[in-house]
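Chemist: input_3.cif is reproduced in full below (mmCIF, C-alpha atoms and all ligand atoms).
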```cif
data_start
#
loop_
_atom_site.label_atom_id
_atom_site.label_comp_id
_atom_site.auth_asym_id
_atom_site.auth_seq_id
_atom_site.Cartn_x
_atom_site.Cartn_y
_atom_site.Cartn_z
CA MET A 1 0.00 0.00 0.00
CA ASN A 2 0.98 3.63 -0.44
CA ILE A 3 1.42 5.55 2.78
CA LEU A 4 1.63 9.25 3.62
CA ILE A 5 3.09 10.55 6.89
CA ILE A 6 2.17 14.10 7.86
CA GLY A 7 4.79 16.07 9.81
CA SER A 8 8.47 16.95 9.74
CA GLY A 9 10.16 16.12 13.03
CA GLY A 10 12.20 13.32 14.57
CA ARG A 11 8.95 11.51 15.32
CA GLU A 12 8.06 11.46 11.63
CA HIS A 13 11.54 10.27 10.63
CA ALA A 14 11.19 7.43 13.16
CA PHE A 15 7.77 6.51 11.71
CA ALA A 16 9.17 6.66 8.17
CA TRP A 17 12.10 4.42 9.19
CA LYS A 18 9.74 1.89 10.80
CA ILE A 19 7.09 1.93 8.06
CA LYS A 20 9.75 1.52 5.35
CA GLN A 21 10.74 -1.81 6.95
CA SER A 22 7.27 -3.24 6.35
CA PRO A 23 6.74 -5.48 3.31
CA LEU A 24 3.22 -4.03 3.20
CA CYS A 25 4.55 -0.57 2.33
CA ASN A 26 4.88 0.15 -1.34
CA ASN A 27 5.44 3.90 -1.84
CA LEU A 28 6.08 6.11 1.16
CA PHE A 29 5.52 9.88 1.15
CA ILE A 30 6.12 12.43 3.87
CA ALA A 31 4.60 15.94 3.94
CA PRO A 32 6.59 18.07 4.36
CA GLY A 33 9.25 15.78 5.91
CA ASN A 34 12.92 16.59 6.49
CA THR A 35 16.34 15.45 5.28
CA GLY A 36 15.99 12.23 7.26
CA THR A 37 12.57 11.28 5.92
CA ALA A 38 13.89 11.88 2.39
CA MET A 39 16.17 8.85 2.97
CA CYS A 40 13.08 6.67 3.59
CA GLY A 41 10.58 8.01 1.07
CA ILE A 42 9.53 10.98 -1.02
CA ASN A 43 9.05 14.36 0.66
CA LEU A 44 6.09 16.42 -0.55
CA PRO A 45 6.44 20.18 -0.01
CA ILE A 46 2.99 20.65 1.53
CA ALA A 47 2.27 22.34 4.87
CA ILE A 48 0.57 20.24 7.56
CA SER A 49 -2.23 22.83 7.71
CA ASP A 50 -3.02 22.75 3.98
CA PHE A 51 -5.73 20.05 3.97
CA GLU A 52 -6.79 20.84 0.42
CA LYS A 53 -3.33 20.28 -1.05
CA LEU A 54 -2.78 17.23 1.13
CA ALA A 55 -6.03 15.76 -0.20
CA LEU A 56 -5.20 16.52 -3.85
CA SER A 57 -1.73 15.05 -3.48
CA SER A 58 -3.10 11.95 -1.72
CA VAL A 59 -5.41 11.24 -4.65
CA GLU A 60 -2.67 11.88 -7.16
CA ASN A 61 -0.22 9.58 -5.35
CA LYS A 62 -2.87 6.89 -4.77
CA ILE A 63 -2.40 6.99 -1.01
CA ASP A 64 -4.12 4.18 0.92
CA LEU A 65 -3.19 5.15 4.46
CA ILE A 66 -2.26 8.39 6.22
CA LEU A 67 -0.51 8.67 9.54
CA VAL A 68 -0.83 12.10 11.16
CA GLY A 69 2.22 12.88 13.31
CA PRO A 70 1.54 16.19 15.12
CA GLU A 71 -1.54 17.35 17.03
CA GLU A 72 -2.30 20.55 15.16
CA PRO A 73 -3.93 19.06 12.04
CA LEU A 74 -5.85 16.58 14.21
CA VAL A 75 -7.23 19.28 16.50
CA ASN A 76 -8.12 21.26 13.35
CA GLY A 77 -10.10 18.33 11.95
CA ILE A 78 -7.95 16.69 9.27
CA THR A 79 -9.59 13.30 9.90
CA ASP A 80 -13.09 14.69 9.38
CA TYR A 81 -11.90 16.59 6.30
CA PHE A 82 -10.61 13.42 4.63
CA ASN A 83 -13.58 11.30 5.73
CA GLN A 84 -16.12 13.82 4.42
CA ASN A 85 -14.47 14.44 1.06
CA LYS A 86 -15.73 11.95 -1.56
CA ASN A 87 -12.34 11.78 -3.27
CA THR A 88 -10.48 10.87 -0.07
CA ARG A 89 -13.11 8.94 1.90
CA HIS A 90 -11.52 5.62 0.92
CA ILE A 91 -8.18 6.59 2.50
CA GLN A 92 -7.53 5.10 5.91
CA ILE A 93 -6.46 7.87 8.26
CA ILE A 94 -4.77 7.19 11.58
CA GLY A 95 -5.80 9.86 14.06
CA PRO A 96 -8.93 10.84 15.99
CA SER A 97 -11.82 12.97 14.76
CA LYS A 98 -11.77 16.69 15.49
CA GLN A 99 -14.07 16.25 18.45
CA ALA A 100 -12.08 13.35 19.93
CA ALA A 101 -8.83 15.31 19.44
CA GLN A 102 -10.23 17.78 22.00
CA LEU A 103 -8.71 15.39 24.54
CA GLU A 104 -5.51 17.23 23.68
CA GLY A 105 -6.97 20.42 22.19
CA SER A 106 -8.79 21.47 25.35
CA LYS A 107 -7.54 20.80 28.87
CA ALA A 108 -11.06 21.51 30.20
CA PHE A 109 -12.56 18.94 27.80
CA ALA A 110 -9.96 16.38 28.93
CA LYS A 111 -10.64 17.08 32.63
CA ASP A 112 -14.42 16.73 32.11
CA PHE A 113 -13.80 13.45 30.31
CA MET A 114 -11.65 12.11 33.15
CA ILE A 115 -14.14 13.10 35.84
CA ARG A 116 -17.07 11.66 33.86
CA HIS A 117 -15.29 8.32 33.44
CA ASN A 118 -13.76 8.13 36.87
CA ILE A 119 -10.16 8.33 35.67
CA PRO A 120 -7.72 9.45 38.40
CA THR A 121 -6.38 12.96 37.82
CA ALA A 122 -5.48 16.07 39.85
CA GLY A 123 -8.30 18.14 41.36
CA TYR A 124 -9.06 21.32 39.39
CA LYS A 125 -11.37 24.19 38.60
CA GLU A 126 -11.72 26.14 35.36
CA PHE A 127 -12.12 29.90 34.94
CA THR A 128 -12.74 32.46 32.20
CA VAL A 129 -12.68 36.23 32.35
CA ASN A 130 -16.32 36.11 33.50
CA ASP A 131 -15.37 34.50 36.80
CA PHE A 132 -12.02 36.22 37.19
CA ASP A 133 -12.70 37.32 40.80
CA ALA A 134 -13.73 33.80 41.80
CA GLY A 135 -10.48 32.59 40.25
CA ILE A 136 -8.39 35.03 42.30
CA LYS A 137 -10.20 33.90 45.44
CA TYR A 138 -9.59 30.26 44.51
CA LEU A 139 -5.86 30.94 44.01
CA THR A 140 -5.66 32.82 47.30
CA GLU A 141 -7.09 29.89 49.23
CA HIS A 142 -5.21 27.17 47.28
CA SER A 143 -2.15 25.28 48.57
CA TYR A 144 1.18 25.78 46.75
CA PRO A 145 2.66 25.01 44.27
CA VAL A 146 -0.37 25.24 41.99
CA VAL A 147 -0.57 24.51 38.25
CA LEU A 148 -2.13 26.92 35.73
CA LYS A 149 -2.96 25.55 32.30
CA ALA A 150 -4.10 27.45 29.23
CA ASP A 151 -7.09 25.47 27.96
CA GLY A 152 -6.05 25.30 24.30
CA LEU A 153 -2.95 24.33 22.31
CA ALA A 154 -0.04 26.57 23.26
CA ALA A 155 2.91 24.79 21.63
CA GLY A 156 3.86 23.09 24.89
CA LYS A 157 4.21 26.42 26.73
CA GLY A 158 0.74 26.70 28.25
CA VAL A 159 1.47 24.96 31.56
CA LEU A 160 2.82 27.04 34.45
CA ILE A 161 3.82 25.70 37.84
CA CYS A 162 3.51 28.59 40.30
CA LYS A 163 5.26 28.43 43.65
CA THR A 164 3.57 31.39 45.31
CA VAL A 165 0.15 33.02 45.31
CA LEU A 166 1.73 36.22 43.99
CA GLU A 167 3.14 34.46 40.96
CA ALA A 168 -0.09 32.53 40.36
CA ARG A 169 -2.25 35.65 40.51
CA ALA A 170 0.08 37.51 38.12
CA GLU A 171 0.09 34.66 35.59
CA PHE A 172 -3.67 34.17 35.92
CA GLU A 173 -4.16 37.83 35.14
CA LEU A 174 -1.74 37.69 32.18
CA MET A 175 -3.65 34.79 30.69
CA LEU A 176 -7.21 36.02 31.22
CA LEU A 177 -6.83 39.78 30.97
CA ARG A 178 -3.77 40.19 28.74
CA SER A 179 -4.09 37.21 26.40
CA LYS A 180 -0.66 35.77 27.28
CA PHE A 181 -1.47 32.61 25.27
CA GLY A 182 -3.97 34.23 22.90
CA GLU A 183 -7.17 32.26 22.29
CA ALA A 184 -5.66 29.19 24.00
CA GLY A 185 -5.56 31.01 27.34
CA LYS A 186 -9.07 32.45 27.33
CA LYS A 187 -10.01 29.63 29.64
CA VAL A 188 -7.63 28.58 32.42
CA VAL A 189 -7.59 25.28 34.27
CA VAL A 190 -6.22 25.64 37.82
CA GLU A 191 -4.97 22.26 38.94
CA ASP A 192 -3.56 20.71 42.11
CA PHE A 193 0.19 20.05 41.92
CA LEU A 194 1.04 16.36 41.74
CA GLU A 195 4.26 14.89 43.09
CA GLY A 196 5.95 11.74 41.87
CA ILE A 197 7.65 10.26 38.84
CA GLU A 198 6.38 11.02 35.34
CA LEU A 199 5.89 8.28 32.81
CA SER A 200 4.22 8.11 29.40
CA VAL A 201 2.07 5.29 28.18
CA PHE A 202 1.14 4.93 24.51
CA VAL A 203 -2.07 3.24 23.50
CA LEU A 204 -3.10 2.34 19.98
CA THR A 205 -6.88 2.02 19.76
CA ASP A 206 -9.27 1.05 16.99
CA GLY A 207 -12.15 2.56 18.97
CA ILE A 208 -13.09 -0.78 20.57
CA ASP A 209 -9.91 -2.58 21.56
CA PHE A 210 -6.43 -1.35 22.29
CA LEU A 211 -2.78 -2.33 22.49
CA ILE A 212 -0.24 -0.82 24.87
CA LEU A 213 3.06 0.03 23.19
CA PRO A 214 6.41 0.18 25.03
CA GLU A 215 6.36 2.93 27.66
CA ALA A 216 8.76 5.89 27.78
CA LYS A 217 9.92 8.78 29.89
CA ASP A 218 10.93 12.06 28.34
CA TYR A 219 13.25 14.79 29.59
CA LYS A 220 11.67 18.18 28.97
CA LYS A 221 14.08 20.58 30.66
CA ILE A 222 16.96 22.10 28.71
CA GLY A 223 19.57 21.61 31.45
CA LYS A 224 21.24 18.58 32.99
CA GLY A 225 19.53 17.17 36.07
CA ASP A 226 16.18 18.58 34.83
CA THR A 227 17.00 22.26 35.29
CA GLY A 228 16.13 25.36 33.31
CA LEU A 229 13.41 26.03 30.76
CA ASN A 230 10.98 23.53 29.30
CA THR A 231 11.62 22.35 25.74
CA GLY A 232 9.79 20.11 23.30
CA GLY A 233 11.90 17.26 24.72
CA MET A 234 15.65 16.76 25.09
CA GLY A 235 15.61 12.98 25.19
CA ALA A 236 13.71 9.87 26.15
CA VAL A 237 14.24 6.40 27.54
CA SER A 238 12.39 3.12 27.18
CA PRO A 239 11.75 0.94 29.12
CA VAL A 240 11.14 2.92 32.30
CA PRO A 241 12.41 0.82 35.23
CA ILE A 242 9.55 1.80 37.57
CA PHE A 243 7.02 0.44 35.06
CA THR A 244 6.62 -3.01 36.62
CA GLU A 245 4.04 -5.60 35.56
CA ALA A 246 1.98 -4.66 38.64
CA LEU A 247 2.03 -0.97 37.79
CA LYS A 248 1.21 -1.74 34.15
CA GLN A 249 -1.83 -3.73 35.29
CA LYS A 250 -2.95 -0.90 37.55
CA ILE A 251 -2.58 1.66 34.76
CA THR A 252 -4.47 -0.63 32.38
CA ASP A 253 -7.37 -1.17 34.79
CA LYS A 254 -7.69 2.33 36.21
CA ILE A 255 -6.75 4.45 33.23
CA VAL A 256 -6.45 2.75 29.83
CA VAL A 257 -9.65 0.65 29.96
CA PRO A 258 -11.82 3.52 31.28
CA THR A 259 -10.30 5.83 28.65
CA VAL A 260 -11.07 3.54 25.71
CA ASN A 261 -14.53 2.71 27.12
CA GLY A 262 -15.12 6.42 27.75
CA LEU A 263 -14.40 7.22 24.09
CA GLN A 264 -17.05 4.69 23.08
CA LYS A 265 -19.62 5.85 25.64
CA ASP A 266 -19.16 9.46 24.53
CA LYS A 267 -19.31 8.40 20.85
CA LEU A 268 -15.93 9.95 20.16
CA ASP A 269 -14.56 8.56 16.92
CA TYR A 270 -11.02 7.52 17.71
CA LYS A 271 -8.73 5.36 15.61
CA GLY A 272 -5.19 6.21 16.51
CA PHE A 273 -2.63 6.76 19.22
CA VAL A 274 -3.48 8.01 22.70
CA PHE A 275 -0.44 9.31 24.55
CA ILE A 276 -1.19 9.34 28.26
CA GLY A 277 1.09 11.47 30.44
CA LEU A 278 1.08 10.05 33.96
CA MET A 279 2.37 10.95 37.38
CA ILE A 280 3.09 7.95 39.61
CA ASN A 281 2.89 9.01 43.25
CA LYS A 282 4.81 7.59 46.22
CA ASP A 283 2.09 4.98 46.84
CA ASP A 284 2.54 3.77 43.24
CA GLU A 285 -0.82 5.22 42.24
CA PRO A 286 -1.04 6.60 38.67
CA MET A 287 -2.80 9.89 37.89
CA VAL A 288 -3.33 11.36 34.44
CA ILE A 289 -1.52 14.65 33.81
CA GLU A 290 -2.58 14.97 30.21
CA TYR A 291 -3.80 13.23 27.09
CA ASN A 292 -2.22 13.78 23.70
CA CYS A 293 -3.99 12.63 20.55
CA ARG A 294 -0.79 11.47 18.80
CA MET A 295 2.59 9.95 19.59
CA GLY A 296 5.22 11.91 21.51
CA ASP A 297 8.42 13.42 20.21
CA PRO A 298 11.13 12.29 21.18
CA GLU A 299 9.28 9.36 22.81
CA THR A 300 8.46 7.80 19.40
CA GLU A 301 12.19 7.61 18.71
CA VAL A 302 12.61 5.09 21.56
CA VAL A 303 9.19 3.41 21.35
CA LEU A 304 9.35 2.40 17.68
CA PRO A 305 12.90 0.96 17.84
CA ARG A 306 11.68 -1.32 20.65
CA LEU A 307 8.50 -2.34 18.82
CA GLN A 308 9.06 -5.60 16.96
CA ASN A 309 5.67 -5.76 15.24
CA ASP A 310 5.12 -4.71 11.66
CA ILE A 311 3.77 -1.20 12.25
CA VAL A 312 1.78 -1.18 9.01
CA GLU A 313 -0.05 -4.34 10.10
CA LEU A 314 -0.97 -2.59 13.35
CA LEU A 315 -2.12 0.56 11.57
CA GLN A 316 -4.29 -1.48 9.20
CA ALA A 317 -5.77 -3.38 12.14
CA THR A 318 -6.55 -0.01 13.74
CA GLN A 319 -8.59 0.93 10.70
CA THR A 320 -10.41 -2.39 10.39
CA ALA A 321 -11.03 -2.59 14.17
CA THR A 322 -9.15 -5.88 14.48
CA LEU A 323 -6.45 -4.90 16.98
CA LYS A 324 -7.74 -7.65 19.25
CA ASN A 325 -6.04 -10.17 16.94
CA HIS A 326 -2.62 -8.68 17.63
CA LEU A 327 -0.09 -8.80 20.45
CA ILE A 328 2.71 -6.31 20.97
CA LYS A 329 6.20 -7.78 20.67
CA THR A 330 8.91 -5.80 22.37
CA ASP A 331 12.70 -5.75 22.03
CA GLU A 332 14.00 -6.41 25.55
CA ARG A 333 16.92 -4.04 25.12
CA SER A 334 16.86 -0.47 26.40
CA ALA A 335 16.73 2.51 24.06
CA VAL A 336 17.94 6.02 24.83
CA ALA A 337 17.29 9.04 22.60
CA MET A 338 19.42 12.17 22.93
CA VAL A 339 18.39 15.31 21.11
CA ALA A 340 21.04 17.65 19.68
CA VAL A 341 19.63 21.18 19.73
CA SER A 342 20.72 24.57 18.41
CA GLY A 343 22.50 26.78 20.97
CA GLY A 344 19.99 29.15 22.56
CA TYR A 345 17.01 26.80 22.16
CA PRO A 346 14.29 26.92 23.58
CA GLY A 347 14.87 30.67 23.17
CA GLU A 348 16.35 32.39 20.10
CA TYR A 349 18.73 30.30 18.03
CA LYS A 350 20.60 30.41 14.72
CA LYS A 351 19.63 28.34 11.68
CA ASN A 352 21.60 27.34 8.59
CA CYS A 353 24.66 25.99 10.42
CA THR A 354 26.56 23.27 8.57
CA ILE A 355 26.25 19.85 10.20
CA ASN A 356 29.50 17.86 10.10
CA GLY A 357 30.10 14.20 10.76
CA LEU A 358 26.77 12.83 9.58
CA ASN A 359 28.36 9.99 7.63
CA SER A 360 31.53 9.49 9.60
CA TYR A 361 30.41 6.75 11.96
CA ASP A 362 29.43 3.12 11.72
CA LEU A 363 27.86 1.98 14.97
CA PRO A 364 25.71 -1.16 14.86
CA ASP A 365 23.43 -0.27 17.78
CA SER A 366 23.00 3.44 17.11
CA PHE A 367 21.23 5.55 14.54
CA LEU A 368 20.26 9.15 13.92
CA PHE A 369 16.82 10.55 13.30
CA HIS A 370 16.63 13.99 11.74
CA ALA A 371 14.38 16.71 13.16
CA GLY A 372 15.29 20.29 12.14
CA THR A 373 17.62 19.66 9.21
CA LEU A 374 17.66 20.92 5.64
CA GLN A 375 19.52 19.78 2.51
CA LYS A 376 21.27 22.78 0.99
CA GLU A 377 23.25 22.12 -2.15
CA ASN A 378 25.95 19.69 -1.05
CA GLU A 379 25.51 20.00 2.67
CA ILE A 380 22.97 19.45 5.41
CA VAL A 381 22.29 22.46 7.62
CA THR A 382 20.37 23.12 10.82
CA ASN A 383 16.81 24.29 10.35
CA GLY A 384 15.19 24.26 13.79
CA GLY A 385 15.66 24.13 17.56
CA ARG A 386 15.74 20.37 17.80
CA VAL A 387 18.10 19.25 15.05
CA LEU A 388 19.03 15.57 15.38
CA VAL A 389 18.05 12.68 17.63
CA ALA A 390 20.65 10.01 18.41
CA VAL A 391 19.11 6.68 19.44
CA SER A 392 20.95 3.63 20.71
CA TYR A 393 20.15 0.21 22.03
CA GLY A 394 21.93 -1.10 25.11
CA GLU A 395 21.71 -3.94 27.59
CA ASP A 396 20.55 -1.29 30.04
CA ILE A 397 19.87 2.44 30.04
CA LYS A 398 23.46 3.22 31.00
CA GLU A 399 24.90 1.41 27.99
CA ALA A 400 22.33 2.92 25.62
CA ASN A 401 23.02 6.38 27.06
CA GLU A 402 26.78 5.98 26.53
CA LYS A 403 26.30 4.88 22.93
CA SER A 404 24.03 7.80 22.05
CA ASP A 405 26.46 10.17 23.72
CA TYR A 406 29.30 8.64 21.68
CA LEU A 407 27.32 9.04 18.47
CA LEU A 408 26.63 12.72 19.15
CA GLN A 409 30.36 13.23 19.82
CA GLN A 410 30.90 12.35 16.13
CA ILE A 411 28.51 15.12 15.04
CA ASP A 412 29.18 18.79 15.14
CA PHE A 413 27.49 22.08 14.23
CA GLU A 414 27.93 25.61 15.58
CA ASN A 415 26.71 25.90 19.18
CA MET A 416 25.37 22.35 19.25
CA ASN A 417 23.98 21.45 22.66
CA TYR A 418 22.64 18.23 24.15
CA ARG A 419 22.00 16.55 27.47
CA ASP A 420 24.29 13.57 28.03
CA ASP A 421 22.40 12.67 31.24
CA ILE A 422 19.24 11.27 29.64
CA GLY A 423 17.97 8.52 31.93
CA TYR A 424 20.22 9.79 34.75
CA GLU A 425 17.95 8.56 37.57
CA PHE A 426 18.26 5.04 36.22
CA LEU A 427 22.02 4.92 35.47
P1 LIG A 501 1.88 19.42 29.61
O1 LIG A 501 2.15 20.61 28.72
O2 LIG A 501 0.46 19.21 29.93
O3 LIG A 501 2.63 18.21 29.11
O4 LIG A 501 2.59 19.74 31.00
C1 LIG A 501 3.94 20.04 31.02
C2 LIG A 501 4.55 19.49 32.26
O5 LIG A 501 4.03 20.17 33.40
C3 LIG A 501 4.26 18.03 32.54
O6 LIG A 501 5.09 17.18 31.82
C4 LIG A 501 4.52 17.98 34.03
O7 LIG A 501 5.90 17.88 34.27
C5 LIG A 501 4.03 19.30 34.49
N1 LIG A 501 2.68 19.21 35.06
C6 LIG A 501 1.51 19.35 34.42
N2 LIG A 501 0.47 19.20 35.25
C7 LIG A 501 1.00 18.96 36.47
C8 LIG A 501 0.45 18.73 37.77
N3 LIG A 501 -0.87 18.73 38.00
N4 LIG A 501 1.30 18.52 38.79
C9 LIG A 501 2.64 18.54 38.59
N5 LIG A 501 3.21 18.76 37.41
C10 LIG A 501 2.42 18.97 36.36
N1 LIG A 502 7.58 14.99 24.34
C1 LIG A 502 6.34 15.55 24.65
C2 LIG A 502 5.36 15.60 23.57
O1 LIG A 502 5.53 15.06 22.50
O2 LIG A 502 4.32 16.21 23.79
#
```
Written as structure tokens, how would this file's structure read?
Modeler:
Amino acid sequence: MNILIIGSGGREHAFAWKIKQSPLCNNLFIAPGNTGTAMCGINLPIAISDFEKLALSSVENKIDLILVGPEEPLVNGITDYFNQNKNTRHIQIIGPSKQAAQLEGSKAFAKDFMIRHNIPTAGYKEFTVNDFDAGIKYLTEHSYPVVLKADGLAAGKGVLICKTVLEARAEFELMLLRSKFGEAGKKVVVEDFLEGIELSVFVLTDGIDFLILPEAKDYKKIGKGDTGLNTGGMGAVSPVPIFTEALKQKITDKIVVPTVNGLQKDKLDYKGFVFIGLMINKDDEPMVIEYNCRMGDPETEVVLPRLQNDIVELLQATQTATLKNHLIKTDERSAVAMVAVSGGYPGEYKKNCTINGLNSYDLPDSFLFHAGTLQKENEIVTNGGRVLVAVSYGEDIKEANEKSDYLLQQIDFENMNYRDDIGYEFL
């Protein structure tokens, strides 16, 4: 079959790499893709928001299946667009409907969903400008730290952990009265602060049944030891040592099953990945921090290397609602992803820096996924904050970490920065 991947990051390169290994994949296209995806298939210069062009190109290229990488097109209704258009209706599209994607697109929608289906999550209240004074009162009486969340998509920046009432009130005011996050912050969810260890679980659902993929933990802070500003993700590990069989069972019973059943009860059309961000507290109890309606980045870069199944078979089974006939097969080795970023990221950074060393290594257990890279004449240059993702297998996290670190030592571009401590709590 002919497959189209939508997106252009390390996640999409990892999907392209995995899909290309399937004997079921005939032609592979990526829109718009990057230098890495171009090594696996054909890049189409179409923006992820241009549904019309994506549809035209899908017909022209006889696409049978589309995998949507990032959340934005899903939240904007790409699945509905393809399903409602008579020329593209026949194309299988992996990703939830616009309404179901609200699980990620609106924090208030996700909280309502969790409460309605009895899924453990932090206590919260939501406010708009109309109940601003009630919000200030709520913040004044709340314990600290407290978490403020812009309701809508805010490119990963909409969550603020406030240590004092002063800070919380100032941020609350910035969001509701001064549009700090634009439309996304017109509604604010004020949430209790959860303590514990974070962990991400990835579920593939056909709307009835589900499979749990290998779990992962990502490292969001820019600095070593989880310090400094939040980023899109500086690295990831899989497996996560705290994810025991007992904890997996608990997460399945208390969170995954009620989530999938809740989608059905609420008649939310969902064929795709559910990324569940969890906090595991000191009593080993899982609570949901957030839902995402797609796979994570850089989590995908460790999850897919550990997945031994044919991914195309799983995606087809998602469409035909036959996931129950499949079992997930997992590589027992550990995988560690380390992201090389442009100096200055997540703030201002330079683009167009020559990347050296891309072909100078030959390491059997390591590979590179491209994120923000661009082919320019005879060289590959940086084209984003997150530039490259080194992934390695190891007998344990320590070995995988060392191999990814070694691989990134072979690569060089101006002001390149990365965290060599990915997985540090488990070394
Ligand atoms: P999100 O943008 O929803 O992924 O949130 C970003 C990060 O904020 C999460 O990965 C957590 O580290 C943190 N976070 C979000 N909600 C809470 C909470 N209720 N308690 C503690 N930390 C949180
Ligand atoms: N790594 C976090 C995310 O993909 O949202």
Chemist: With only C-alpha atoms as the counted atoms, please give the residues lying no more than 8 Å from segment 285-289 of chain A, apart from itself and same-chain residues fewer than 4 positions off, as number ranges by chain.
Modeler: A: 119-122, 250-251, 255, 276-281
Chemist: Counting only C-alpha atoms, which residue out of A:Leu388, A:Val312, A:Leu247, A:Ala101 sits closest to Leu28 of chain A?
Modeler: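 Result for the nearest residue to Leu28 of chain A: A:Val312.
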Chemist: Using only C-alpha atoms, find the one residue out of A:Tyr345, A:Phe15, A:Tyr361, A:Tyr393 that sits nearest to Asn417 of chain A.
Modeler: A:Tyr345
Chemist: Just the residues within 12 Å of Asp112 of chain A, please, counting all atoms listed in the file, with nothing from its chain fewer than 4 positions along; format it as a ChimeraX atom specification.
Modeler: /A:102-103,106-108,116-126,189,262,266
Chemist: Output the neighbourhood of ligand LIG 502 (chain A) as a ChimeraX atom specification, that is, all protein and nucleic acid residues with some atom at most 12 Å from the ligand, counting only C-alpha atoms and all ligand atoms.
Modeler: /A:9-12,69-72,104,153-158,198-202,216-221,230-237,274-277,289-302,337,339,386
Chemist: Between A:Ile91, A:Ile6, A:Ile242, A:Ile311, which one has atoms that come closest to Gly196 of chain A, using all atoms listed in the file?
Modeler: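 Residue with the minimum atom-to-atom distance to Gly196 of chain A: A:Ile242.
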Chemist: List the spatial neighbours of Phe426 of chain A as a PyMOL selection string - criterion: any atom at most 8 Å away, all atoms listed in the file, same-chain residues fewer than 6 positions off excluded.
Modeler: chain A and resi 241+397-398
Chemist: From the list A:Lys18, A:Lys111, A:Lys180, A:Lys376, which residue is nearest ligand LIG 501 (chain A) when using all atoms listed in the file?
Modeler: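 Using all atoms listed in the file, the shortest distance to ligand LIG 501 (chain A) belongs to A:Lys111.
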Chemist: Please put the answer as lines of an AutoDock Vina configuration file: centre and edge lengths, in Å with one decimal, of a box along x, y and z that encloses all listed atoms of ligand LIG 501 (chain A) plus 4 Å on each side.
Modeler:
```
center_x = 2.5
center_y = 18.9
center_z = 33.8
size_x = 14.8
size_y = 11.4
size_z = 18.1
```
Chemist: Could you give me, as a list in words, the residues within 12 Å of Val257 of chain A, counting only C-alpha atoms and dropping anything in the same chain fewer than 3 positions from it?
Modeler: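 In the requested format, the answer is His117, Asn118, Ile119, Val203, Thr205, Gly207, Ile208, Asp209, Phe210, Leu211, Ile212, Lys248, Gln249, Lys250, Ile251, Thr252, Asp253, Lys254, Val260, Asn261, Gly262, Leu263 and Gln264 of chain A.
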Chemist: Taking only C-alpha atoms and all ligand atoms into account, name the residue in A:Gly41, A:Pro145, A:Pro73, A:Gly343 that is nearest to ligand LIG 501 (chain A).
Modeler: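 Of the candidates, the smallest distance to ligand LIG 501 (chain A) is held by A:Pro145.
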Chemist: Could you work out how far atom CA of Arg419 of chain A lies from atom CA of Thr227 of chain A, giving the answer in Å with one decimal?
Modeler: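 So the answer is 10.9 Å.
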Chemist: Which of these residues is nearest to Thr354 of chain A, using all atoms listed in the file: A:Asn383, A:Asn130, A:Ser97, A:Ser334?
Modeler: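 Residue with the minimum atom-to-atom distance to Thr354 of chain A: A:Asn383.
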Chemist: List every protein, DNA or RNA residue that has an atom no more than 12 Å from (6.0, 9.7, 5.5) in the file's coordinate frame, counting only C-alpha atoms, and report them as a ChimeraX atom specification.
Modeler: /A:2-20,25-45,58,63,65-69
Chemist: Figure out the distance between atom CA of Gly225 of chain A and atom CA of Pro364 of chain A, please, to one decimal in Å.
Modeler: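 These atoms are spaced 28.7 Å apart.
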Chemist: Could you pull the residues within 9 Å of Leu176 of chain A, counting all atoms listed in the file, minus those fewer than 3 positions along the same chain, as a PyMOL selection string?
Modeler: chain A and resi 127-129+132+171-173+179-181+185-188
